[in-house]
$ cat final12.cif   # mmCIF, C-alpha atoms
data_upload
loop_
_atom_site.label_atom_id
_atom_site.label_comp_id
_atom_site.auth_asym_id
_atom_site.auth_seq_id
_atom_site.Cartn_x
_atom_site.Cartn_y
_atom_site.Cartn_z
CA MET A 1 99.62 63.10 -11.89
CA ALA A 2 100.78 59.53 -12.42
CA ALA A 3 104.14 60.77 -13.58
CA GLY A 4 104.26 63.07 -10.56
CA ALA A 5 103.67 60.07 -8.32
CA GLY A 6 106.82 58.49 -9.75
CA ALA A 7 104.73 55.55 -10.85
CA VAL A 8 105.12 53.59 -14.05
CA THR A 9 101.55 53.13 -15.19
CA ALA A 10 100.18 52.01 -18.51
CA GLY A 11 101.43 54.31 -21.24
CA ASP A 12 104.35 55.66 -19.21
CA HIS A 13 107.88 55.01 -20.28
CA PRO A 14 109.89 52.63 -18.02
CA ALA A 15 112.47 55.39 -17.60
CA THR A 16 109.83 57.66 -16.03
CA PRO A 17 110.99 57.18 -12.39
CA VAL A 18 114.57 58.13 -13.29
CA VAL A 19 113.54 61.12 -15.37
CA GLU A 20 111.08 62.20 -12.69
CA THR A 21 113.73 61.90 -9.94
CA LEU A 22 116.21 64.02 -11.87
CA ARG A 23 113.52 66.57 -12.70
CA LEU A 24 112.46 66.88 -9.03
CA LEU A 25 116.09 67.13 -7.87
CA ALA A 26 116.67 70.06 -10.22
CA LYS A 27 113.43 71.81 -9.31
CA GLN A 28 113.16 74.60 -6.79
CA ARG A 29 111.27 74.16 -3.55
CA ARG A 30 108.03 76.00 -3.07
CA ARG A 31 106.95 78.05 -0.07
CA THR A 32 103.43 79.08 0.91
CA PRO A 33 102.49 82.07 3.09
CA ALA A 34 102.70 81.61 6.90
CA ASP A 35 103.94 78.03 6.56
CA ASP A 36 105.98 75.89 8.94
CA PRO A 37 108.83 74.69 6.71
CA ALA A 38 110.89 73.24 9.56
CA LEU A 39 108.13 70.89 10.64
CA ALA A 40 107.28 69.91 7.05
CA ARG A 41 110.94 69.10 6.39
CA ILE A 42 111.12 66.97 9.52
CA GLY A 43 108.15 64.97 8.24
CA LEU A 44 109.52 64.68 4.70
CA THR A 45 112.87 63.47 6.06
CA VAL A 46 111.43 61.07 8.64
CA LEU A 47 109.51 59.09 6.01
CA PRO A 48 112.45 57.62 3.99
CA VAL A 49 114.61 57.36 7.13
CA ALA A 50 111.89 55.35 8.90
CA ALA A 51 111.58 53.08 5.85
CA VAL A 52 115.33 52.37 5.88
CA LEU A 53 115.30 51.76 9.65
CA ALA A 54 112.37 49.36 9.21
CA LEU A 55 114.16 47.52 6.41
CA ALA A 56 117.32 47.25 8.54
CA VAL A 57 115.86 44.46 10.70
CA VAL A 58 114.49 42.39 7.77
CA PRO A 59 116.64 39.32 7.05
CA LEU A 60 117.67 39.77 3.41
CA GLY A 61 118.45 36.11 2.94
CA ASP A 62 119.29 34.46 6.23
CA THR A 63 120.72 37.37 8.23
CA ALA A 64 119.41 40.88 8.75
CA PRO A 65 121.66 43.94 8.40
CA VAL A 66 120.85 44.58 12.09
CA ASP A 67 119.92 41.36 13.86
CA LEU A 68 117.53 42.62 16.55
CA ASP A 69 115.88 40.16 18.95
CA VAL A 70 112.73 42.35 18.96
CA GLY A 71 112.87 42.98 15.21
CA VAL A 72 109.13 42.61 14.63
CA VAL A 73 108.30 45.31 17.19
CA TRP A 74 111.06 47.56 15.86
CA PHE A 75 109.71 47.20 12.31
CA ASN A 76 106.24 48.13 13.55
CA ALA A 77 107.53 51.15 15.49
CA MET A 78 109.46 52.53 12.51
CA GLU A 79 106.62 52.00 10.07
CA VAL A 80 104.18 53.82 12.37
CA LEU A 81 106.38 56.94 12.09
CA ALA A 82 104.89 57.30 8.57
CA TRP A 83 101.63 58.50 10.17
CA PHE A 84 103.49 61.32 11.82
CA ALA A 85 105.60 62.05 8.72
CA VAL A 86 102.67 62.38 6.34
CA TRP A 87 100.61 64.35 8.84
CA VAL A 88 103.26 67.03 9.42
CA ALA A 89 104.25 67.07 5.74
CA GLY A 90 100.63 67.93 4.98
CA TRP A 91 100.40 70.37 7.87
CA GLY A 92 103.55 72.35 7.17
CA PRO A 93 102.54 74.27 4.02
CA ASN A 94 99.50 75.89 5.70
CA ALA A 95 97.23 75.09 2.76
CA VAL A 96 93.78 73.48 2.66
CA THR A 97 94.28 70.53 0.30
CA SER A 98 97.62 69.73 1.83
CA LEU A 99 96.22 69.78 5.38
CA ALA A 100 93.19 67.67 4.43
CA GLY A 101 95.53 65.13 2.83
CA GLY A 102 97.70 65.00 5.93
CA TYR A 103 94.68 64.53 8.16
CA ARG A 104 93.45 61.64 5.99
CA MET A 105 96.49 59.70 7.15
CA LEU A 106 95.10 59.54 10.70
CA PRO A 107 91.86 57.57 10.08
CA LEU A 108 93.76 55.46 7.56
CA GLY A 109 96.25 54.60 10.29
CA LEU A 110 93.50 53.91 12.81
CA ALA A 111 91.98 51.49 10.31
CA TYR A 112 95.03 49.52 9.20
CA GLU A 113 97.21 49.53 12.31
CA LEU A 114 95.32 47.05 14.51
CA PRO A 115 94.89 44.38 11.81
CA HIS A 116 98.55 45.00 10.93
CA MET A 117 99.77 44.52 14.51
CA LEU A 118 97.71 41.34 14.90
CA ALA A 119 98.90 40.06 11.51
CA ILE A 120 102.59 40.48 12.35
CA ILE A 121 102.25 39.16 15.89
CA THR A 122 100.54 35.94 14.71
CA PRO A 123 103.70 34.46 13.06
CA ALA A 124 105.65 35.63 16.11
CA ILE A 125 103.27 33.64 18.35
CA ALA A 126 103.62 30.57 16.14
CA ALA A 127 107.44 30.80 16.13
CA GLY A 128 107.68 31.88 19.78
CA SER A 129 110.05 34.71 18.91
CA LEU A 130 110.06 38.38 17.94
CA ALA A 131 113.22 37.99 15.80
CA PRO A 132 112.34 37.84 12.05
CA ALA A 133 115.22 35.43 11.33
CA THR A 134 113.95 32.97 13.97
CA ILE A 135 110.40 33.27 12.59
CA ALA A 136 111.70 32.50 9.09
CA ALA A 137 113.67 29.52 10.37
CA ALA A 138 110.58 28.13 12.11
CA GLN A 139 108.86 27.63 8.74
CA HIS A 140 111.13 24.93 7.33
CA ASP A 141 108.26 22.52 6.71
CA LEU A 142 105.25 24.78 6.36
CA TRP A 143 105.05 28.40 5.28
CA TYR A 144 103.01 30.61 7.56
CA ALA A 145 101.26 32.00 4.48
CA VAL A 146 99.63 28.56 4.19
CA TRP A 147 99.27 27.98 7.94
CA MET A 148 97.65 31.38 8.63
CA PRO A 149 96.28 32.68 5.30
CA ALA A 150 94.05 35.34 6.90
CA ALA A 151 97.05 36.91 8.65
CA PHE A 152 99.02 36.89 5.38
CA VAL A 153 96.24 38.59 3.41
CA LEU A 154 95.68 41.12 6.20
CA TYR A 155 99.40 41.80 6.27
CA LEU A 156 99.47 42.53 2.52
CA VAL A 157 96.44 44.84 2.81
CA SER A 158 98.00 46.68 5.74
CA VAL A 159 101.33 47.04 3.90
CA ALA A 160 99.55 48.81 1.04
CA ALA A 161 97.73 50.97 3.60
CA MET A 162 100.82 51.84 5.64
CA ALA A 163 102.49 53.05 2.43
CA PHE A 164 99.26 55.02 1.69
CA TRP A 165 99.46 53.45 -1.70
CA GLY A 166 97.15 52.02 -4.36
CA PRO A 167 93.61 51.65 -2.95
CA PHE A 168 94.72 53.53 0.17
CA ALA A 169 96.24 56.56 -1.56
CA ALA A 170 93.61 58.92 -0.12
CA PRO A 171 96.17 61.09 1.78
CA LEU A 172 97.76 61.87 -1.58
CA GLY A 173 94.47 61.64 -3.44
CA ARG A 174 93.83 63.13 -6.82
CA ASP A 175 90.53 64.47 -5.47
CA LEU A 176 92.68 66.76 -3.29
CA ALA A 177 95.04 67.72 -6.12
CA GLY A 178 97.76 65.59 -4.54
CA GLY A 179 96.77 65.99 -0.87
CA ALA A 180 99.71 66.03 1.52
CA VAL A 181 102.17 66.45 -1.35
CA ALA A 182 100.19 69.15 -3.19
CA GLU A 183 102.32 72.08 -2.01
CA HIS A 184 105.68 70.32 -2.04
CA ALA A 185 107.92 70.71 -5.06
CA GLY A 186 111.46 69.60 -5.79
CA LEU A 187 113.31 67.64 -3.13
CA GLY A 188 110.41 67.59 -0.67
CA ARG A 189 108.11 65.99 -3.23
CA LEU A 190 110.78 63.48 -4.15
CA LEU A 191 111.36 62.51 -0.49
CA LEU A 192 107.66 61.91 0.10
CA HIS A 193 107.14 59.82 -3.03
CA ALA A 194 110.41 57.93 -2.67
CA GLY A 195 109.77 57.35 1.04
CA ARG A 196 106.40 55.89 0.20
CA TRP A 197 107.87 53.42 -2.29
CA MET A 198 110.62 52.55 0.19
CA LEU A 199 108.00 51.89 2.85
CA LEU A 200 106.04 49.65 0.48
CA THR A 201 109.23 47.74 -0.38
CA ALA A 202 110.19 47.39 3.29
CA GLY A 203 106.71 46.05 4.06
CA ALA A 204 106.86 43.60 1.15
CA ALA A 205 110.35 42.52 2.26
CA MET A 206 109.12 41.79 5.79
CA ALA A 207 106.41 39.50 4.36
CA VAL A 208 109.16 37.12 3.19
CA PRO A 209 110.59 36.17 6.63
CA LEU A 210 107.21 36.43 8.38
CA PHE A 211 105.08 34.37 6.01
CA LEU A 212 107.15 32.89 3.15
CA GLY A 213 109.99 31.11 4.89
CA GLY A 214 112.69 33.78 4.46
CA GLY A 215 115.71 32.74 2.42
CA ALA A 216 114.82 29.03 2.32
CA PRO A 217 113.43 27.38 -0.84
CA PRO A 218 109.75 26.33 -0.81
CA PRO A 219 109.28 23.22 1.38
CA ILE A 220 107.67 21.31 -1.52
CA THR A 221 110.61 21.41 -3.93
CA GLY A 222 112.74 18.92 -2.03
CA PRO A 223 116.49 19.57 -2.16
CA ASP A 224 117.54 23.18 -2.69
CA PRO A 225 118.46 23.62 -6.38
CA PHE A 226 120.55 26.69 -5.50
CA PRO A 227 122.17 25.75 -2.18
CA GLY A 228 123.80 28.54 -0.25
CA LEU A 229 121.92 31.33 -1.98
CA PRO A 230 119.34 32.53 0.54
CA ALA A 231 119.51 36.06 -0.89
CA LEU A 232 118.35 34.71 -4.26
CA TRP A 233 115.29 33.02 -2.74
CA PHE A 234 114.60 36.16 -0.76
CA ALA A 235 114.74 38.27 -3.95
CA VAL A 236 112.43 35.89 -5.84
CA LYS A 237 109.87 35.95 -3.04
CA LEU A 238 110.14 39.73 -2.68
CA VAL A 239 109.43 40.17 -6.40
CA VAL A 240 106.37 37.91 -6.07
CA VAL A 241 105.01 39.88 -3.09
CA ILE A 242 105.58 43.22 -4.82
CA GLY A 243 103.94 41.77 -7.94
CA LEU A 244 100.88 40.80 -5.87
CA LEU A 245 100.67 44.33 -4.47
CA LEU A 246 101.05 45.93 -7.91
CA ALA A 247 98.37 43.62 -9.34
CA ALA A 248 96.02 44.57 -6.47
CA ARG A 249 96.40 48.24 -7.37
CA ARG A 250 95.26 47.52 -10.90
CA VAL A 251 92.14 45.72 -9.66
CA VAL A 252 90.99 47.70 -6.60
CA PRO A 253 89.93 51.35 -6.93
CA MET A 254 90.83 53.96 -4.33
CA LEU A 255 88.81 53.46 -1.15
CA ARG A 256 87.20 56.33 0.69
CA THR A 257 88.90 56.44 4.10
CA ALA A 258 85.61 56.32 6.04
CA ARG A 259 84.57 53.15 4.23
CA PHE A 260 87.93 51.53 4.89
CA VAL A 261 87.68 52.40 8.60
CA THR A 262 84.24 50.73 8.77
CA LEU A 263 85.56 47.68 6.91
CA ALA A 264 88.59 47.48 9.19
CA TRP A 265 86.72 47.71 12.47
CA THR A 266 83.83 45.43 11.53
CA VAL A 267 85.59 42.80 9.41
CA LEU A 268 89.39 42.99 9.39
CA ILE A 269 90.06 43.36 13.14
CA PRO A 270 87.68 40.52 14.19
CA LEU A 271 89.23 38.38 11.45
CA ALA A 272 92.75 39.18 12.66
CA VAL A 273 91.78 38.41 16.29
CA ALA A 274 90.21 35.10 15.23
CA GLN A 275 93.34 34.16 13.25
CA ALA A 276 95.61 35.01 16.18
CA LEU A 277 93.33 33.02 18.51
CA VAL A 278 93.39 29.92 16.28
CA VAL A 279 97.18 30.03 16.00
CA THR A 280 97.61 30.61 19.75
CA VAL A 281 95.34 27.70 20.65
CA VAL A 282 97.16 25.38 18.23
CA VAL A 283 100.56 26.49 19.58
CA LEU A 284 99.48 26.04 23.20
CA THR A 285 97.97 22.59 22.75
CA MET B 1 127.06 55.60 29.47
CA ILE B 2 126.60 58.39 32.00
CA ALA B 3 127.22 60.97 29.28
CA LEU B 4 124.65 59.28 27.02
CA VAL B 5 122.06 59.08 29.79
CA GLY B 6 122.71 62.72 30.66
CA ALA B 7 122.44 63.90 27.07
CA LEU B 8 119.23 61.96 26.44
CA GLY B 9 117.81 63.20 29.73
CA VAL B 10 118.55 66.80 28.71
CA VAL B 11 116.87 66.20 25.33
CA ALA B 12 113.83 64.61 26.99
CA VAL B 13 113.38 67.39 29.56
CA GLY B 14 114.27 70.17 27.10
CA THR B 15 111.80 69.09 24.42
CA GLY B 16 109.25 68.45 27.17
CA LEU B 17 109.59 72.07 28.35
CA LEU B 18 109.49 73.44 24.81
CA VAL B 19 106.06 71.81 24.34
CA PHE B 20 104.60 74.63 26.43
CA THR B 21 106.42 77.47 24.71
CA VAL B 22 105.51 76.85 21.05
CA ASN B 23 102.37 78.32 19.55
CA SER B 24 101.33 75.51 17.22
CA MET B 25 99.64 72.22 18.03
CA ALA B 26 101.71 70.36 15.45
CA ARG B 27 105.00 71.62 16.89
CA ALA B 28 103.86 70.73 20.40
CA THR B 29 102.97 67.22 19.21
CA PHE B 30 106.37 66.81 17.56
CA LEU B 31 108.26 68.04 20.63
CA LEU B 32 106.31 65.75 22.95
CA LEU B 33 107.04 62.83 20.64
CA ALA B 34 110.74 63.77 20.55
CA SER B 35 110.75 63.80 24.36
CA PHE B 36 109.26 60.30 24.52
CA VAL B 37 111.64 59.00 21.85
CA ALA B 38 114.61 60.27 23.91
CA VAL B 39 113.31 58.26 26.88
CA ALA B 40 112.82 55.24 24.62
CA VAL B 41 116.41 55.44 23.36
CA LEU B 42 117.51 55.60 27.00
CA LEU B 43 115.69 52.33 27.74
CA ILE B 44 117.16 50.69 24.63
CA ALA B 45 120.62 51.80 25.81
CA PHE B 46 119.90 50.09 29.13
CA GLY B 47 119.37 46.84 27.20
CA LEU B 48 115.56 46.93 27.43
CA GLY B 49 115.02 46.67 23.67
CA TYR B 50 111.40 45.62 23.82
CA LEU B 51 110.27 48.30 26.27
CA GLY B 52 112.10 51.05 24.41
CA THR B 53 110.78 50.02 21.01
CA VAL B 54 107.24 49.68 22.33
CA ILE B 55 107.47 53.20 23.75
CA VAL B 56 108.36 54.59 20.29
CA LEU B 57 105.50 52.60 18.76
CA MET B 58 102.89 53.49 21.36
CA MET B 59 103.83 57.14 21.73
CA THR B 60 103.77 57.77 17.96
CA ILE B 61 100.29 56.26 17.73
CA GLU B 62 99.24 58.15 20.86
CA MET B 63 100.39 61.50 19.44
CA MET B 64 98.49 60.82 16.22
CA ILE B 65 95.34 59.88 18.13
CA MET B 66 95.79 63.13 20.04
CA ALA B 67 95.72 64.85 16.63
CA VAL B 68 92.41 63.08 15.89
CA PHE B 69 91.03 64.48 19.15
CA MET B 70 92.36 67.89 18.12
CA VAL B 71 90.20 67.69 15.01
CA MET B 72 87.19 66.48 16.98
CA LEU B 73 87.21 68.75 19.99
CA MET B 74 89.32 71.88 19.62
CA MET B 75 88.04 75.27 18.58
CA ASN B 76 90.99 75.66 16.24
CA PRO B 77 91.41 72.13 14.98
CA ALA B 78 93.59 72.86 12.02
CA GLY B 79 95.92 74.89 14.19
CA LEU B 80 96.87 77.09 11.29
CA MET B 81 96.44 80.09 13.54
CA PRO B 82 98.89 80.49 16.42
CA MET B 83 97.55 79.45 19.79
CA THR B 84 98.87 79.12 23.31
CA MET B 85 99.63 75.74 24.82
CA VAL B 86 98.94 76.82 28.42
CA HIS B 87 95.85 77.79 30.33
CA ASN B 88 95.02 77.91 34.05
CA ARG B 89 98.64 78.96 34.47
CA TRP B 90 98.99 78.90 38.29
CA GLY B 91 96.83 75.85 38.82
CA SER B 92 98.85 73.86 36.33
CA TRP B 93 102.13 75.05 37.87
CA ALA B 94 100.94 73.78 41.25
CA ILE B 95 99.79 70.42 39.87
CA ALA B 96 102.99 70.00 37.85
CA LEU B 97 105.27 70.75 40.81
CA VAL B 98 103.37 68.45 43.19
CA VAL B 99 103.38 65.58 40.67
CA PHE B 100 107.05 66.15 39.87
CA GLY B 101 107.86 66.13 43.59
CA LEU B 102 105.96 62.90 44.14
CA LEU B 103 107.57 61.16 41.15
CA ALA B 104 111.08 62.39 42.00
CA ALA B 105 110.65 61.34 45.63
CA GLY B 106 109.45 57.95 44.44
CA ALA B 107 112.45 57.54 42.17
CA TRP B 108 114.83 58.32 45.04
CA LEU B 109 113.00 56.47 47.83
CA VAL B 110 112.09 53.21 46.11
CA PRO B 111 114.65 50.57 47.14
CA PHE B 112 115.94 49.55 43.68
CA PRO B 113 117.74 46.20 43.71
CA THR B 114 121.48 46.81 43.61
CA THR B 115 122.65 43.20 43.75
CA GLY B 116 121.57 40.10 41.89
CA ARG B 117 121.84 39.56 38.19
CA ALA B 118 119.69 40.88 35.38
CA ALA B 119 117.15 38.59 33.74
CA GLN B 120 118.45 36.38 30.94
CA ASP B 121 115.95 37.84 28.46
CA PRO B 122 114.33 41.07 29.69
CA THR B 123 111.46 40.67 27.17
CA VAL B 124 110.51 37.26 28.61
CA ALA B 125 110.90 38.60 32.16
CA LEU B 126 108.56 41.49 31.35
CA GLY B 127 106.01 39.16 29.78
CA ASP B 128 106.16 36.88 32.82
CA ALA B 129 105.65 39.79 35.19
CA LEU B 130 102.74 41.26 33.21
CA MET B 131 100.98 38.02 32.31
CA GLY B 132 101.88 36.11 35.48
CA PRO B 133 101.07 37.79 38.80
CA GLN B 134 99.53 40.86 37.11
CA MET B 135 97.41 38.98 34.59
CA LEU B 136 94.06 39.95 36.12
CA THR B 137 95.05 43.63 36.18
CA MET B 138 96.22 43.57 32.57
CA MET B 139 93.15 41.70 31.34
CA THR B 140 90.79 44.08 33.16
CA LEU B 141 92.71 47.08 31.84
CA GLY B 142 92.69 45.74 28.29
CA LEU B 143 88.95 45.06 28.31
CA ALA B 144 88.18 48.42 29.92
CA LEU B 145 90.28 50.23 27.28
CA LEU B 146 88.65 48.36 24.41
CA ALA B 147 85.18 49.03 25.81
CA THR B 148 86.07 52.73 26.15
CA ILE B 149 87.29 52.92 22.55
CA VAL B 150 84.21 51.20 21.15
CA GLY B 151 81.92 53.24 23.42
CA THR B 152 83.53 56.56 22.45
CA VAL B 153 83.25 55.76 18.77
CA ALA B 154 79.64 54.61 19.16
CA VAL B 155 78.76 57.88 20.93
CA ALA B 156 80.68 60.05 18.46
CA VAL B 157 79.39 58.53 15.22
CA SER B 158 76.32 60.36 13.98
CA ARG B 159 75.36 57.76 11.39
CA ARG B 160 71.87 56.39 11.87
#

$ encode --input "final12.cif" --output "structure tokens"
Amino acid sequence: MAAGAGAVTAGDHPATPVVETLRLLAKQRRRTPADDPALARIGLTVLPVAAVLALAVVPLGDTAPVDLDVGVVWFNAMEVLAWFAVWVAGWGPNAVTSLAGGYRMLPLGLAYELPHMLAIITPAIAAGSLAPATIAAAQHDLWYAVWMPAAFVLYLVSVAAMAFWGPFAAPLGRDLAGGAVAEHAGLGRLLLHAGRWMLLTAGAAMAVPLFLGGGAPPPITGPDPFPGLPALWFAVKLVVVIGLLLAARRVVPMLRTARFVTLAWTVLIPLAVAQALVVTVVVLT
Amino acid sequence: MIALVGALGVVAVGTGLLVFTVNSMARATFLLLASFVAVAVLLIAFGLGYLGTVIVLMMTIEMMIMAVFMVMLMMNPAGLMPMTMVHNRWGSWAIALVVFGLLAAGAWLVPFPTTGRAAQDPTVALGDALMGPQMLTMMTLGLALLATIVGTVAVAVSRR
């Protein structure tokens, strides 16, 4: 299963993702009786495309590939397409485990999306802009991860959840024999797993301009030891964020979706609202 | 620009019509979403980046919440068996035509400003309009929606 998920876990060879990709590319697709292959393929295709479109507005260094003045909202809109993608990918094969896995994406989304929206809008409030590059530039003397730690932690949690990954892997759960991906073989399976990793990477990349000062060196180090290399600082910070997410997966077991929904609506959303309120009051006064 | 608007309009109306011809809930949901996304792209092409992007965001979430209601309320929640998307055929035709007539008449009769310049930043202008003169409306709406969500969940949850 772990190898099927394209994940390098303890005991796996580091070359596993490459081997697994080649194996899936060579494998034949699978059909189930009375399925809806067109819809499933739309979902499987939308997932990696949405991840790339989300990543397009993230400043990789000091400028984004597409410098959008409403980049934060665009990122959110693209990442939300994953709900739809996983749901129809699970629906398409007309099979029980697959459908149940696809449906698990909906309560997961209902749980993570509101804390996520509040967590990404809080830095935007502090910087007074929806453009990620402007938000990054507004942190030249204090990182927002320090200024608004609750929003940062909530953002990391919601990134793992939006990529239905680690503790939030219920839609692809082992208890459902793979859930939404159970009936997909070959290219379809590869697209879903790759899209999920791409989504996780896009989310981790967005944490850098929103909370970690983008391509600038940490404010405490004084003069920049590598001047003119914002992409390097961006890469270092991205590796740290991804490392944090990978470490969290080792520590936290998979959460039952119902429990996560309860946690989200009773703890995470009030916390996110309180964090946004504090930041707004400080900005306004 | 006219060609783009025309093409997107055809996509929006076409997918909107197809919603009622397919026999699967999931296909209907996808087609409705495609229709809304075409409208959103239209708004982005007009330079209203925020409004267009928010429509993609909101409509995707809305379609997925519709799927949650499908699970909760429909006789055939999984939708794995074919089903029809229409009922009360003549009544719905009448309602649809009347509403379409009203909206189309509104679009033609409202005196849209033809002179004057566009706002410097349409996002800021929108925020000013919503949170300035319409603040009371928006606040009341927001609270009412939140109360409805919490109330619906409280009624639906069977946990003691």

$ interface_residues --input "final12.cif" --of "chain B" --to "chain A" --cutoff "9 Å" --atoms "all atoms listed in the file" --output "list in words"
Ala26, Arg27, Phe30, Gly49, Tyr50, Thr53, Val54, Ile55, Val56, Leu57, Met58, Thr60, Ile61, Met63, Met64, Ile65, Ala67, Val68, Val71, Ala78, Gly79, Leu80 and Thr123 of chain B

$ residues_around --input "final12.cif" --residues "Asp121 in chain B" --least-positions-apart "5" --cutoff "10 Å" --atoms "all atoms listed in the file" --output "VMD selection string"
(chain A and resid 69) or (chain B and resid 47 to 48 126)

$ closest_residue --input "final12.cif" --among "A:Leu156, A:Ala185, A:Ile121, A:Val281" --to "Thr32 in chain A" --atoms "all atoms listed in the file"
A:Ala185

$ resolve_selection --input "final12.cif" --expression "the PyMOL selection byres ((chain A and resi 154) around 8)" --output "list in words"
Pro115, His116, Ala119, Ala150, Ala151, Phe152, Val153, Tyr155, Leu156, Val157, Ser158, Leu268 and Ala272 of chain A

$ residues_near_point --input "final12.cif" --point "(114.9, 54.6, 26.5)" --cutoff "6 Å" --atoms "all atoms listed in the file" --output "list in words"
Val39, Ala40, Val41, Leu42, Leu43, Ile44 and Gly52 of chain B

$ write_last_selection --input "final12.cif" --atoms "C-alpha atoms" --output "short mmCIF file (atom, residue, chain, number, x, y, z; two decimals), in the frame of the given file"
data_model
loop_
_atom_site.label_atom_id
_atom_site.label_comp_id
_atom_site.auth_asym_id
_atom_site.auth_seq_id
_atom_site.Cartn_x
_atom_site.Cartn_y
_atom_site.Cartn_z
CA VAL B 39 113.31 58.26 26.88
CA ALA B 40 112.82 55.24 24.62
CA VAL B 41 116.41 55.44 23.36
CA LEU B 42 117.51 55.60 27.00
CA LEU B 43 115.69 52.33 27.74
CA ILE B 44 117.16 50.69 24.63
CA GLY B 52 112.10 51.05 24.41
#

$ atom_distance --input "final12.cif" --atom1 "CA of Leu190 in chain A" --atom2 "CA of Val19 in chain A"
11.8 Å

$ atom_distance --input "final12.cif" --atom1 "CA of Glu62 in chain B" --atom2 "CA of Leu33 in chain B"
9.1 Å

$ closest_residue --input "final12.cif" --among "B:Val13, B:Val150, B:Met66, B:Ala34" --to "Thr266 in chain A" --atoms "all atoms listed in the file"
B:Val150

$ build_atoms --input "final12.cif" --residues "range 131-143 of chain B" --atoms "N, CA, C and O atoms" --output "PDB file, in the frame of the given file"
ATOM      1  N   MET B 131     102.001  39.037  32.555  1.00  0.00           N
ATOM      2  CA  MET B 131     100.980  38.020  32.310  1.00  0.00           C
ATOM      3  C   MET B 131     101.004  36.925  33.374  1.00  0.00           C
ATOM      4  O   MET B 131     100.251  35.958  33.290  1.00  0.00           O
ATOM      5  N   GLY B 132     101.877  37.047  34.382  1.00  0.00           N
ATOM      6  CA  GLY B 132     101.880  36.110  35.480  1.00  0.00           C
ATOM      7  C   GLY B 132     101.087  36.674  36.650  1.00  0.00           C
ATOM      8  O   GLY B 132      99.858  36.640  36.656  1.00  0.00           O
ATOM      9  N   PRO B 133     101.779  37.274  37.617  1.00  0.00           N
ATOM     10  CA  PRO B 133     101.070  37.790  38.800  1.00  0.00           C
ATOM     11  C   PRO B 133     100.097  38.918  38.459  1.00  0.00           C
ATOM     12  O   PRO B 133      99.093  39.068  39.143  1.00  0.00           O
ATOM     13  N   GLN B 134     100.379  39.701  37.411  1.00  0.00           N
ATOM     14  CA  GLN B 134      99.530  40.860  37.110  1.00  0.00           C
ATOM     15  C   GLN B 134      98.513  40.565  36.013  1.00  0.00           C
ATOM     16  O   GLN B 134      97.951  41.480  35.426  1.00  0.00           O
ATOM     17  N   MET B 135      98.253  39.302  35.738  1.00  0.00           N
ATOM     18  CA  MET B 135      97.410  38.980  34.590  1.00  0.00           C
ATOM     19  C   MET B 135      96.006  39.568  34.732  1.00  0.00           C
ATOM     20  O   MET B 135      95.461  40.155  33.789  1.00  0.00           O
ATOM     21  N   LEU B 136      95.431  39.449  35.925  1.00  0.00           N
ATOM     22  CA  LEU B 136      94.060  39.950  36.120  1.00  0.00           C
ATOM     23  C   LEU B 136      94.006  41.445  35.859  1.00  0.00           C
ATOM     24  O   LEU B 136      93.117  41.936  35.155  1.00  0.00           O
ATOM     25  N   THR B 137      95.003  42.185  36.401  1.00  0.00           N
ATOM     26  CA  THR B 137      95.050  43.630  36.180  1.00  0.00           C
ATOM     27  C   THR B 137      95.115  43.943  34.698  1.00  0.00           C
ATOM     28  O   THR B 137      94.352  44.780  34.191  1.00  0.00           O
ATOM     29  N   MET B 138      96.028  43.265  33.978  1.00  0.00           N
ATOM     30  CA  MET B 138      96.220  43.570  32.570  1.00  0.00           C
ATOM     31  C   MET B 138      94.975  43.231  31.755  1.00  0.00           C
ATOM     32  O   MET B 138      94.569  43.981  30.865  1.00  0.00           O
ATOM     33  N   MET B 139      94.346  42.105  32.077  1.00  0.00           N
ATOM     34  CA  MET B 139      93.150  41.700  31.340  1.00  0.00           C
ATOM     35  C   MET B 139      92.015  42.710  31.571  1.00  0.00           C
ATOM     36  O   MET B 139      91.322  43.118  30.640  1.00  0.00           O
ATOM     37  N   THR B 140      91.848  43.110  32.846  1.00  0.00           N
ATOM     38  CA  THR B 140      90.790  44.080  33.160  1.00  0.00           C
ATOM     39  C   THR B 140      91.052  45.392  32.446  1.00  0.00           C
ATOM     40  O   THR B 140      90.154  45.975  31.833  1.00  0.00           O
ATOM     41  N   LEU B 141      92.327  45.837  32.515  1.00  0.00           N
ATOM     42  CA  LEU B 141      92.710  47.080  31.840  1.00  0.00           C
ATOM     43  C   LEU B 141      92.429  47.002  30.351  1.00  0.00           C
ATOM     44  O   LEU B 141      91.831  47.904  29.768  1.00  0.00           O
ATOM     45  N   GLY B 142      92.843  45.901  29.736  1.00  0.00           N
ATOM     46  CA  GLY B 142      92.690  45.740  28.290  1.00  0.00           C
ATOM     47  C   GLY B 142      91.227  45.810  27.891  1.00  0.00           C
ATOM     48  O   GLY B 142      90.853  46.546  26.969  1.00  0.00           O
ATOM     49  N   LEU B 143      90.384  45.070  28.630  1.00  0.00           N
ATOM     50  CA  LEU B 143      88.950  45.060  28.310  1.00  0.00           C
ATOM     51  C   LEU B 143      88.346  46.445  28.523  1.00  0.00           C
ATOM     52  O   LEU B 143      87.557  46.917  27.699  1.00  0.00           O
TER      53      LEU B 143
END
